[in-house]
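Below is one structure, written out as structure tokens, with a few remarks after it.
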Amino acid sequence: MAINLLSVHDQAIGVVRRHRRAAQQQIRIGFFATVAGSRTREILDKLRNAVPGIKIELVQVGWGEQVLAILDGRVDVVFARPPLDTTHIRAFPVLTEQRVLAMSANHRLAAKSELKASDLAEVVQVDTDNVPEGWRRWWSVDPRPDGSPVTYGPLVHGVDEMLEVVATSDVVAVTAESLVAAFSRQDIVYRPISDIDPTQIVLITPLEERVTINALVHAVR
């Protein structure tokens with residue numbers, strides 16, 4: 001999908017940008033929520049040890065721009081969350097974790113310690129319009145395992161917007177376990193959903209080889 005948004009010229013500019021940074025021992029690492037979750041510090045320390053003097057820049061990208069940000073050269077790599085079109089990138093697994101439901105502390109489901117997909121039957125979930133449809137549906141568990149549809153509510157375009165909507169209404173969001181520690185708030189609770197597929201964090205990189213990128217790939221393994 002993302003490759004169709006870029007001309008050959010734009011893709012070539014992306015290659016040049018990445019090459020220039022690599023030559024200066026710089027690496028721009030994209031992320032949209034928690035970088036590599038609980039492994040972030042470990043991975044970045046390994047990278048610094050492997051490439052002494054490397055300059056690391058963490059850059060937040062929109063959750064609909066995980067692949068596009070690499071192709072256009074804004075960043076060199078992205079810690080991303082599938083499902084993704086990997087036709088024009090490489091993907092390396094980093095971490096697997098549960099998906100959880102984020103909701104207001106006053107929500108009726110907050111009293112439960114663990115949820116099942118059937119508990120989501122009558123909830124209203126956040127929606128978004130800036131991601132591939134497959135990604136949107138997978139994260140929304142749409143359709144439910146029993147085939148029932150999802151009821152969508154307000155549009156959000158990132159984690160911060162999502163959490164504000166959740167905290168101030170009865171609208172909920174399916175998200176990743178690592179957000180529990182990274183975005184802890186008294187007005188929001190997170191509950192694991194035990195019977196749906198877990199989520200992954202993956203490192204996605206361009207197809208061309210770079211010393212700095214290869215060192216990061218080695219660090220995640």
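Residues in the structure tokens are named by chain (A, B, ... in the order shown) and by number from 1 within that chain; ligands are numbered from 1 in the order shown.
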
Hey, what's within 9 Å of Arg210 of chain A if we count only C-alpha atoms and toss same-chain stuff fewer than 2 positions away? As a list of chain:residue names, please?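 The residues satisfying every condition are A:Arg18, A:His19, A:Ala22, A:Glu208, A:Thr212, A:Ile213, A:Asn214, A:Ala215.
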
Same residues, all heavy atoms, output as a compact mmCIF listing (two decimals), in the first residue's frame:
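Result saved to selection05.txt:
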```txt
# COMPACT_ATOMS: atom_id res chain seq x y z
N ARG A 18 18.90 7.96 3.84
CA ARG A 18 19.41 6.91 4.72
C ARG A 18 20.91 6.72 4.54
O ARG A 18 21.64 6.51 5.51
CB ARG A 18 18.66 5.60 4.44
CG ARG A 18 17.20 5.64 4.85
CD ARG A 18 16.57 4.26 4.85
NE ARG A 18 16.55 3.65 3.53
CZ ARG A 18 15.56 3.82 2.65
NH1 ARG A 18 14.52 4.60 2.96
NH2 ARG A 18 15.59 3.22 1.48
N HIS A 19 21.39 6.79 3.31
CA HIS A 19 22.82 6.65 3.04
C HIS A 19 23.62 7.77 3.71
O HIS A 19 24.68 7.53 4.31
CB HIS A 19 23.08 6.67 1.53
CG HIS A 19 24.53 6.60 1.18
ND1 HIS A 19 25.28 5.44 1.26
CD2 HIS A 19 25.39 7.57 0.76
CE1 HIS A 19 26.52 5.70 0.91
NE2 HIS A 19 26.61 6.98 0.59
N ALA A 22 23.83 7.11 7.44
CA ALA A 22 24.70 5.98 7.73
C ALA A 22 26.17 6.38 7.62
O ALA A 22 27.01 5.96 8.42
CB ALA A 22 24.40 4.81 6.79
N GLU A 208 17.88 -2.34 1.48
CA GLU A 208 19.31 -2.17 1.27
C GLU A 208 20.09 -2.35 2.58
O GLU A 208 19.56 -2.14 3.66
CB GLU A 208 19.63 -0.82 0.63
CG GLU A 208 19.56 0.37 1.58
CD GLU A 208 18.24 1.11 1.50
OE1 GLU A 208 17.28 0.57 0.92
OE2 GLU A 208 18.17 2.22 2.03
N THR A 212 24.91 0.47 10.18
CA THR A 212 24.18 0.87 11.39
C THR A 212 22.88 0.08 11.53
O THR A 212 22.52 -0.37 12.63
CB THR A 212 23.86 2.37 11.34
OG1 THR A 212 23.25 2.70 10.09
CG2 THR A 212 25.13 3.19 11.52
N ILE A 213 22.17 -0.11 10.42
CA ILE A 213 20.92 -0.87 10.47
C ILE A 213 21.19 -2.33 10.80
O ILE A 213 20.49 -2.94 11.61
CB ILE A 213 20.16 -0.73 9.14
CG1 ILE A 213 19.67 0.71 8.95
CG2 ILE A 213 18.97 -1.70 9.08
CD1 ILE A 213 19.03 0.99 7.61
N ASN A 214 22.22 -2.91 10.19
CA ASN A 214 22.54 -4.30 10.47
C ASN A 214 22.93 -4.51 11.93
O ASN A 214 22.62 -5.55 12.53
CB ASN A 214 23.66 -4.77 9.56
CG ASN A 214 23.22 -4.92 8.10
OD1 ASN A 214 22.03 -4.95 7.82
ND2 ASN A 214 24.17 -5.01 7.18
N ALA A 215 23.59 -3.52 12.51
CA ALA A 215 23.96 -3.61 13.93
C ALA A 215 22.70 -3.61 14.80
O ALA A 215 22.64 -4.32 15.82
CB ALA A 215 24.88 -2.45 14.31
```

Counting only C-alpha atoms, what are the residues of segment 146-208 of chain A within 9 Å of segment 47-63 of chain A, and for each of them which pair of atoms is the nearest and at what distance in Å, to one decimal? Sort the table by chain and rising number, as a Markdown table.
```
| residue | atom | partner | partner_atom | distance |
| --- | --- | --- | --- | --- |
| A:His157 | CA | A:Gly62 | CA | 7.5 |
| A:Gly158 | CA | A:Trp63 | CA | 6.6 |
| A:Val159 | CA | A:Trp63 | CA | 8.7 |
```

Selected residues, N, CA, C and O atoms, written as a JSON list (two decimals), in the first residue's frame, please.
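Below is the file that was written, result.json:
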```
[["chain", "number", "residue", "atom", "x", "y", "z"],
["A", 157, "HIS", "N", -6.30, 9.38, 16.04],
["A", 157, "HIS", "CA", -5.20, 9.28, 15.08],
["A", 157, "HIS", "C", -3.86, 9.02, 15.75],
["A", 157, "HIS", "O", -2.81, 9.23, 15.14],
["A", 158, "GLY", "N", -3.89, 8.59, 16.98],
["A", 158, "GLY", "CA", -2.65, 8.28, 17.69],
["A", 158, "GLY", "C", -2.96, 7.88, 19.12],
["A", 158, "GLY", "O", -4.12, 7.95, 19.57],
["A", 159, "VAL", "N", -1.92, 7.45, 19.83],
["A", 159, "VAL", "CA", -2.10, 6.94, 21.19],
["A", 159, "VAL", "C", -2.64, 8.01, 22.12],
["A", 159, "VAL", "O", -3.55, 7.75, 22.93]]
```

What's the separation between atom CA of His218 of chain A and atom CA of Ile43 of chain A, in Å to one decimal place?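 Distance between the two atoms: 9.1 Å.
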
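Minimum distance to Ser184 of chain A across A:Glu209, A:Leu115, A:Ala102, A:Gly134 (counting only C-alpha atoms) occurs at A:Ala102.
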
Taking the chain letters and numbering used in this document, name the residues of segment 134-177 of chain A that DSSP puts in helix (DSSP H, G or I), as a ChimeraX atom specification. /A:134-140,159-167

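Of the residues under consideration (A:Arg74, A:Arg81, A:His107, A:Arg99), A:Arg99 shows the shortest atom-to-atom contact distance to Ser194 of chain A when counting only C-alpha atoms.
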
Excluding Leu179 of chain A and residues on its chain fewer than 2 positions from it, collect all residues at most 9 Å away from it, counting only C-alpha atoms, and give them as a ChimeraX atom specification. /A:33-34,37,175-177,181-184,190

Min atom-atom distance to Lys112 of chain A from the set A:Arg20, A:Arg137, A:Arg221, A:Arg191, counting only C-alpha atoms, belongs to A:Arg191

I want to know what sits within 12 Å of Pro149 of chain A, based on only C-alpha atoms, with residues of the same chain fewer than 2 positions away left out; could you give that as an mmCIF file with N, CA and C atoms, in the first residue's frame?
```
data_model
loop_
_atom_site.group_PDB
_atom_site.id
_atom_site.type_symbol
_atom_site.label_atom_id
_atom_site.label_comp_id
_atom_site.auth_asym_id
_atom_site.auth_seq_id
_atom_site.Cartn_x
_atom_site.Cartn_y
_atom_site.Cartn_z
ATOM 1 N N ALA A 117 -13.162 -12.134 24.502
ATOM 2 C CA ALA A 117 -13.710 -11.385 23.371
ATOM 3 C C ALA A 117 -15.212 -11.205 23.506
ATOM 4 N N SER A 118 -15.878 -12.162 24.107
ATOM 5 C CA SER A 118 -17.331 -12.058 24.270
ATOM 6 C C SER A 118 -17.732 -10.896 25.175
ATOM 7 N N LEU A 120 -16.725 -8.006 24.907
ATOM 8 C CA LEU A 120 -16.708 -6.783 24.099
ATOM 9 C C LEU A 120 -17.965 -6.626 23.256
ATOM 10 N N ALA A 121 -18.932 -7.509 23.466
ATOM 11 C CA ALA A 121 -20.098 -7.553 22.573
ATOM 12 C C ALA A 121 -20.850 -6.231 22.482
ATOM 13 N N GLU A 122 -20.962 -5.509 23.554
ATOM 14 C CA GLU A 122 -21.798 -4.307 23.534
ATOM 15 C C GLU A 122 -21.019 -3.015 23.783
ATOM 16 N N VAL A 123 -19.705 -3.079 23.676
ATOM 17 C CA VAL A 123 -18.915 -1.869 23.899
ATOM 18 C C VAL A 123 -18.792 -1.066 22.608
ATOM 19 N N VAL A 124 -18.462 0.198 22.767
ATOM 20 C CA VAL A 124 -18.145 1.072 21.633
ATOM 21 C C VAL A 124 -16.640 1.279 21.621
ATOM 22 N N GLN A 125 -16.011 1.082 20.468
ATOM 23 C CA GLN A 125 -14.563 1.188 20.368
ATOM 24 C C GLN A 125 -14.158 2.420 19.569
ATOM 25 N N ARG A 137 -8.864 -3.351 11.328
ATOM 26 C CA ARG A 137 -9.758 -4.431 11.734
ATOM 27 C C ARG A 137 -9.073 -5.407 12.688
ATOM 28 N N SER A 140 -8.953 -3.982 16.094
ATOM 29 C CA SER A 140 -10.288 -3.824 16.662
ATOM 30 C C SER A 140 -10.974 -5.162 16.922
ATOM 31 N N VAL A 141 -10.285 -6.278 16.571
ATOM 32 C CA VAL A 141 -10.876 -7.622 16.657
ATOM 33 C C VAL A 141 -12.214 -7.607 15.916
ATOM 34 N N ASP A 142 -12.143 -7.219 14.652
ATOM 35 C CA ASP A 142 -13.322 -7.031 13.805
ATOM 36 C C ASP A 142 -13.198 -7.907 12.557
ATOM 37 N N PRO A 143 -14.070 -8.917 12.381
ATOM 38 C CA PRO A 143 -15.210 -9.221 13.256
ATOM 39 C C PRO A 143 -14.764 -9.974 14.510
ATOM 40 N N ARG A 144 -15.657 -10.050 15.485
ATOM 41 C CA ARG A 144 -15.400 -10.831 16.682
ATOM 42 C C ARG A 144 -15.278 -12.318 16.317
ATOM 43 N N PRO A 145 -14.696 -13.128 17.217
ATOM 44 C CA PRO A 145 -14.583 -14.565 16.931
ATOM 45 C C PRO A 145 -15.907 -15.232 16.584
ATOM 46 N N ASP A 146 -17.004 -14.719 17.121
ATOM 47 C CA ASP A 146 -18.316 -15.314 16.806
ATOM 48 C C ASP A 146 -18.938 -14.735 15.537
ATOM 49 N N GLY A 147 -18.191 -13.844 14.857
ATOM 50 C CA GLY A 147 -18.664 -13.258 13.617
ATOM 51 C C GLY A 147 -19.435 -11.971 13.769
ATOM 52 N N THR A 151 -18.900 -2.192 17.073
ATOM 53 C CA THR A 151 -19.522 -0.868 17.098
ATOM 54 C C THR A 151 -18.424 0.165 17.277
ATOM 55 N N TYR A 152 -18.239 1.011 16.265
ATOM 56 C CA TYR A 152 -17.178 2.020 16.296
ATOM 57 C C TYR A 152 -17.708 3.364 16.779
#
```

Residues near segment 199-206 of chain A, anyone? I mean within 9 Å using only C-alpha atoms, not counting same-chain ones fewer than 5 positions away, as a CSV table (one decimal) with all heavy atoms, in the first residue's frame.
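Result file is around.csv:
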```csv
chain,number,residue,atom,x,y,z
A,15,VAL,N,16.4,6.7,-0.2
A,15,VAL,CA,17.6,5.9,-0.1
A,15,VAL,C,18.8,6.9,0.1
A,15,VAL,O,19.7,6.6,0.9
A,15,VAL,CB,17.9,5.2,-1.5
A,15,VAL,CG1,19.2,4.6,-1.5
A,15,VAL,CG2,16.8,4.1,-1.6
A,35,VAL,N,8.4,2.2,21.5
A,35,VAL,CA,9.6,1.8,20.8
A,35,VAL,C,9.6,0.2,20.8
A,35,VAL,O,8.8,-0.4,20.2
A,35,VAL,CB,10.9,2.4,21.5
A,35,VAL,CG1,12.1,2.1,20.7
A,35,VAL,CG2,10.7,3.9,21.7
A,36,ALA,N,10.5,-0.4,21.6
A,36,ALA,CA,10.6,-1.9,21.7
A,36,ALA,C,10.0,-2.4,23.0
A,36,ALA,O,10.4,-3.5,23.4
A,36,ALA,CB,12.0,-2.3,21.4
A,37,GLY,N,9.1,-1.7,23.6
A,37,GLY,CA,8.5,-2.2,24.8
A,37,GLY,C,9.6,-2.4,25.9
A,37,GLY,O,10.5,-1.5,26.1
A,66,GLN,N,4.0,3.6,9.4
A,66,GLN,CA,5.1,2.7,9.9
A,66,GLN,C,6.0,2.4,8.7
A,66,GLN,O,7.2,2.4,8.8
A,66,GLN,CB,4.5,1.5,10.5
A,66,GLN,CG,3.7,1.7,11.8
A,66,GLN,CD,3.2,0.5,12.4
A,66,GLN,OE1,3.7,0.0,13.4
A,66,GLN,NE2,2.1,-0.1,11.8
A,67,VAL,N,5.4,1.9,7.6
A,67,VAL,CA,6.3,1.6,6.4
A,67,VAL,C,6.6,2.8,5.6
A,67,VAL,O,7.8,3.0,5.2
A,67,VAL,CB,5.5,0.6,5.6
A,67,VAL,CG1,6.3,0.3,4.3
A,67,VAL,CG2,5.3,-0.7,6.3
A,70,ILE,N,9.8,4.8,6.4
A,70,ILE,CA,11.1,4.2,5.9
A,70,ILE,C,11.2,4.5,4.4
A,70,ILE,O,12.3,5.0,4.0
A,70,ILE,CB,11.1,2.7,6.2
A,70,ILE,CG1,11.2,2.4,7.7
A,70,ILE,CG2,12.3,2.1,5.4
A,70,ILE,CD1,11.2,1.0,8.0
A,71,LEU,N,10.2,4.3,3.7
A,71,LEU,CA,10.3,4.4,2.2
A,71,LEU,C,10.7,5.8,1.8
A,71,LEU,O,11.4,6.0,0.8
A,71,LEU,CB,9.0,3.9,1.5
A,71,LEU,CG,8.7,2.5,1.8
A,71,LEU,CD1,7.4,2.1,1.1
A,71,LEU,CD2,9.8,1.5,1.3
A,76,ASP,N,15.3,5.6,9.4
A,76,ASP,CA,16.0,4.5,8.8
A,76,ASP,C,15.3,3.2,9.1
A,76,ASP,O,15.4,2.2,8.3
A,76,ASP,CB,17.4,4.5,9.4
A,76,ASP,CG,18.2,5.7,9.1
A,76,ASP,OD1,18.4,6.0,7.9
A,76,ASP,OD2,18.6,6.5,10.1
A,77,VAL,N,14.7,3.0,10.2
A,77,VAL,CA,14.0,1.8,10.7
A,77,VAL,C,12.8,2.2,11.5
A,77,VAL,O,12.7,3.4,11.9
A,77,VAL,CB,14.9,0.9,11.5
A,77,VAL,CG1,16.2,0.5,10.7
A,77,VAL,CG2,15.4,1.6,12.8
A,78,VAL,N,11.9,1.3,11.7
A,78,VAL,CA,10.8,1.5,12.6
A,78,VAL,C,10.5,0.3,13.5
A,78,VAL,O,10.6,-0.8,13.0
A,78,VAL,CB,9.5,1.9,11.8
A,78,VAL,CG1,8.3,2.0,12.8
A,78,VAL,CG2,9.7,3.2,11.0
A,79,PHE,N,10.3,0.6,14.8
A,79,PHE,CA,9.8,-0.5,15.6
A,79,PHE,C,8.2,-0.4,15.4
A,79,PHE,O,7.6,0.6,15.8
A,79,PHE,CB,10.1,-0.3,17.1
A,79,PHE,CG,11.6,-0.7,17.4
A,79,PHE,CD1,12.6,0.2,17.5
A,79,PHE,CD2,11.9,-2.1,17.5
A,79,PHE,CE1,13.9,-0.2,17.7
A,79,PHE,CE2,13.2,-2.5,17.8
A,79,PHE,CZ,14.2,-1.5,17.9
A,80,ALA,N,7.7,-1.4,14.8
A,80,ALA,CA,6.3,-1.3,14.3
A,80,ALA,C,5.5,-2.5,14.9
A,80,ALA,O,6.0,-3.4,15.5
A,80,ALA,CB,6.3,-1.4,12.8
A,81,ARG,N,4.2,-2.4,14.6
A,81,ARG,CA,3.3,-3.5,15.0
A,81,ARG,C,2.5,-4.0,13.8
A,81,ARG,O,1.9,-3.2,13.1
A,81,ARG,CB,2.3,-2.9,16.1
A,81,ARG,CG,3.0,-2.7,17.4
A,81,ARG,CD,2.0,-2.5,18.5
A,81,ARG,NE,2.7,-2.3,19.8
A,81,ARG,CZ,3.1,-3.2,20.6
A,81,ARG,NH1,2.9,-4.5,20.3
A,81,ARG,NH2,3.7,-2.9,21.7
A,82,PRO,N,2.6,-5.3,13.5
A,82,PRO,CA,1.8,-5.9,12.4
A,82,PRO,C,0.3,-5.8,12.7
A,82,PRO,O,-0.1,-5.5,13.9
A,82,PRO,CB,2.3,-7.3,12.4
A,82,PRO,CG,3.6,-7.3,13.2
A,82,PRO,CD,3.5,-6.2,14.2
A,86,THR,N,4.9,-6.4,4.0
A,86,THR,CA,6.4,-6.5,4.0
A,86,THR,C,7.0,-6.6,2.7
A,86,THR,O,8.2,-7.0,2.6
A,86,THR,CB,6.8,-7.6,5.0
A,86,THR,OG1,6.3,-8.8,4.5
A,86,THR,CG2,6.4,-7.4,6.4
A,88,HIS,N,8.2,-4.6,0.5
A,88,HIS,CA,9.3,-3.7,0.2
A,88,HIS,C,10.2,-3.4,1.4
A,88,HIS,O,11.0,-2.4,1.4
A,88,HIS,CB,8.9,-2.4,-0.4
A,88,HIS,CG,8.1,-2.6,-1.7
A,88,HIS,ND1,8.6,-2.9,-2.9
A,88,HIS,CD2,6.7,-2.6,-1.9
A,88,HIS,CE1,7.7,-3.1,-3.8
A,88,HIS,NE2,6.5,-2.9,-3.2
A,89,ILE,N,10.0,-4.2,2.5
A,89,ILE,CA,10.8,-4.0,3.7
A,89,ILE,C,11.2,-5.4,4.2
A,89,ILE,O,10.7,-6.4,3.8
A,89,ILE,CB,10.0,-3.3,4.8
A,89,ILE,CG1,8.7,-4.0,5.1
A,89,ILE,CG2,9.8,-1.8,4.4
A,89,ILE,CD1,8.0,-3.5,6.3
A,90,ARG,N,12.1,-5.4,5.2
A,90,ARG,CA,12.4,-6.6,6.0
A,90,ARG,C,11.8,-6.4,7.4
A,90,ARG,O,11.7,-5.3,7.9
A,90,ARG,CB,13.9,-6.8,6.1
A,90,ARG,CG,14.6,-7.0,4.8
A,90,ARG,CD,16.1,-7.2,5.0
A,90,ARG,NE,16.8,-6.0,5.5
A,90,ARG,CZ,18.0,-5.9,6.0
A,90,ARG,NH1,18.7,-7.0,6.1
A,90,ARG,NH2,18.5,-4.8,6.5
A,91,ALA,N,11.4,-7.5,8.0
A,91,ALA,CA,10.8,-7.5,9.3
A,91,ALA,C,11.5,-8.5,10.2
A,91,ALA,O,11.7,-9.7,9.8
A,91,ALA,CB,9.3,-7.7,9.3
A,92,PHE,N,11.8,-8.1,11.4
A,92,PHE,CA,12.5,-9.0,12.4
A,92,PHE,C,11.7,-8.9,13.7
A,92,PHE,O,11.5,-7.8,14.3
A,92,PHE,CB,13.9,-8.5,12.6
A,92,PHE,CG,14.7,-8.4,11.4
A,92,PHE,CD1,14.8,-7.2,10.6
A,92,PHE,CD2,15.5,-9.5,10.9
A,92,PHE,CE1,15.5,-7.1,9.4
A,92,PHE,CE2,16.2,-9.4,9.7
A,92,PHE,CZ,16.2,-8.3,9.0
A,93,PRO,N,11.3,-10.1,14.2
A,93,PRO,CA,10.5,-10.1,15.5
A,93,PRO,C,11.4,-9.6,16.7
A,93,PRO,O,12.5,-9.9,16.8
A,93,PRO,CB,10.2,-11.6,15.6
A,93,PRO,CG,11.2,-12.3,14.8
A,93,PRO,CD,11.5,-11.4,13.7
A,94,VAL,N,10.7,-8.9,17.5
A,94,VAL,CA,11.4,-8.3,18.7
A,94,VAL,C,10.7,-8.8,20.0
A,94,VAL,O,11.4,-9.2,20.9
A,94,VAL,CB,11.3,-6.7,18.7
A,94,VAL,CG1,11.9,-6.2,19.9
A,94,VAL,CG2,12.0,-6.2,17.4
A,95,LEU,N,9.4,-8.7,20.1
A,95,LEU,CA,8.7,-9.0,21.3
A,95,LEU,C,7.3,-9.4,21.0
A,95,LEU,O,6.6,-8.9,20.1
A,95,LEU,CB,8.7,-7.7,22.2
A,95,LEU,CG,8.1,-7.8,23.6
A,95,LEU,CD1,8.9,-8.6,24.5
A,95,LEU,CD2,7.9,-6.4,24.1
A,96,THR,N,6.7,-10.4,21.8
A,96,THR,CA,5.3,-10.8,21.7
A,96,THR,C,4.7,-10.5,23.0
A,96,THR,O,5.3,-10.8,24.1
A,96,THR,CB,5.2,-12.3,21.3
A,96,THR,OG1,5.8,-12.5,20.1
A,96,THR,CG2,3.7,-12.7,21.3
A,97,GLU,N,3.5,-9.9,23.0
A,97,GLU,CA,2.8,-9.6,24.2
A,97,GLU,C,1.3,-9.7,24.0
A,97,GLU,O,0.8,-9.7,22.9
A,97,GLU,CB,3.2,-8.2,24.7
A,97,GLU,CG,2.9,-7.1,23.7
A,97,GLU,CD,3.5,-5.8,24.2
A,97,GLU,OE1,4.1,-5.7,25.2
A,97,GLU,OE2,3.3,-4.8,23.5
A,98,GLN,N,0.6,-9.7,25.1
A,98,GLN,CA,-0.9,-9.7,25.1
A,98,GLN,C,-1.5,-8.4,24.5
A,98,GLN,O,-0.9,-7.4,24.7
A,98,GLN,CB,-1.5,-10.0,26.5
A,98,GLN,CG,-1.5,-11.4,26.9
A,98,GLN,CD,-2.3,-11.6,28.2
A,98,GLN,OE1,-1.9,-11.0,29.2
A,98,GLN,NE2,-3.3,-12.4,28.2
A,99,ARG,N,-2.7,-8.6,24.0
A,99,ARG,CA,-3.5,-7.4,23.7
A,99,ARG,C,-4.4,-7.2,24.9
A,99,ARG,O,-4.9,-8.1,25.6
A,99,ARG,CB,-4.3,-7.5,22.4
A,99,ARG,CG,-3.5,-7.3,21.2
A,99,ARG,CD,-4.4,-7.3,19.9
A,99,ARG,NE,-4.7,-8.6,19.5
A,99,ARG,CZ,-5.6,-8.9,18.5
A,99,ARG,NH1,-6.1,-7.9,17.9
A,99,ARG,NH2,-5.8,-10.1,18.2
A,139,TRP,N,-6.7,-4.8,14.9
A,139,TRP,CA,-6.5,-4.2,16.2
A,139,TRP,C,-7.9,-4.0,16.9
A,139,TRP,O,-8.0,-4.0,18.1
A,139,TRP,CB,-5.8,-2.9,16.1
A,139,TRP,CG,-4.3,-3.2,16.1
A,139,TRP,CD1,-3.5,-3.2,15.1
A,139,TRP,CD2,-3.5,-3.5,17.3
A,139,TRP,NE1,-2.2,-3.6,15.5
A,139,TRP,CE2,-2.2,-3.7,16.9
A,139,TRP,CE3,-3.8,-3.6,18.7
A,139,TRP,CZ2,-1.2,-4.0,17.7
A,139,TRP,CZ3,-2.8,-3.9,19.5
A,139,TRP,CH2,-1.5,-4.1,19.1
A,175,THR,N,-5.5,-2.4,22.7
A,175,THR,CA,-4.1,-2.0,22.5
A,175,THR,C,-3.1,-3.0,23.1
A,175,THR,O,-3.5,-4.2,23.3
A,175,THR,CB,-3.9,-0.6,23.2
A,175,THR,OG1,-2.6,-0.1,22.9
A,175,THR,CG2,-4.0,-0.7,24.7
A,176,ALA,N,-1.9,-2.7,23.2
A,176,ALA,CA,-0.8,-3.6,23.6
A,176,ALA,C,-0.4,-3.5,25.0
A,176,ALA,O,-0.5,-2.5,25.7
A,176,ALA,CB,0.4,-3.4,22.7
A,177,GLU,N,0.0,-4.7,25.6
A,177,GLU,CA,0.3,-4.8,27.0
A,177,GLU,C,1.4,-3.8,27.5
A,177,GLU,O,1.3,-3.2,28.6
A,177,GLU,CB,0.8,-6.2,27.3
A,177,GLU,CG,1.1,-6.5,28.8
A,177,GLU,CD,1.5,-7.9,28.9
A,177,GLU,OE1,1.8,-8.6,27.9
A,177,GLU,OE2,1.6,-8.3,30.1
A,213,ILE,N,22.2,-0.1,10.4
A,213,ILE,CA,20.9,-0.9,10.5
A,213,ILE,C,21.2,-2.3,10.8
A,213,ILE,O,20.5,-2.9,11.6
A,213,ILE,CB,20.2,-0.7,9.1
A,213,ILE,CG1,19.7,0.7,9.0
A,213,ILE,CG2,19.0,-1.7,9.1
A,213,ILE,CD1,19.0,1.0,7.6
A,216,LEU,N,21.7,-2.8,14.4
A,216,LEU,CA,20.4,-2.8,15.2
A,216,LEU,C,19.7,-4.1,15.0
A,216,LEU,O,19.1,-4.7,16.0
A,216,LEU,CB,19.6,-1.6,14.7
A,216,LEU,CG,18.2,-1.5,15.5
A,216,LEU,CD1,18.4,-1.3,17.0
A,216,LEU,CD2,17.5,-0.3,14.9
A,217,VAL,N,19.7,-4.7,13.8
A,217,VAL,CA,19.1,-6.0,13.6
A,217,VAL,C,19.7,-7.0,14.5
A,217,VAL,O,19.0,-7.8,15.1
A,217,VAL,CB,19.2,-6.4,12.1
A,217,VAL,CG1,18.7,-7.8,11.9
A,217,VAL,CG2,18.3,-5.5,11.2
A,220,VAL,N,18.5,-6.8,18.2
A,220,VAL,CA,17.2,-7.3,18.5
A,220,VAL,C,17.1,-8.8,18.6
A,220,VAL,O,16.2,-9.4,19.2
A,220,VAL,CB,16.1,-6.8,17.6
A,220,VAL,CG1,16.2,-5.3,17.4
A,220,VAL,CG2,16.2,-7.5,16.2
```

Those of segment 141-175 of chain A in DSSP strand (DSSP E or B), formatted as a list of chain:residue names: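 After running DSSP on the backbone, segment 141-175 of chain A has strand (DSSP E or B) at A:Thr151, A:Tyr152, A:Gly153, A:Pro154, A:Leu155, A:Val172, A:Ala173, A:Val174, A:Thr175.
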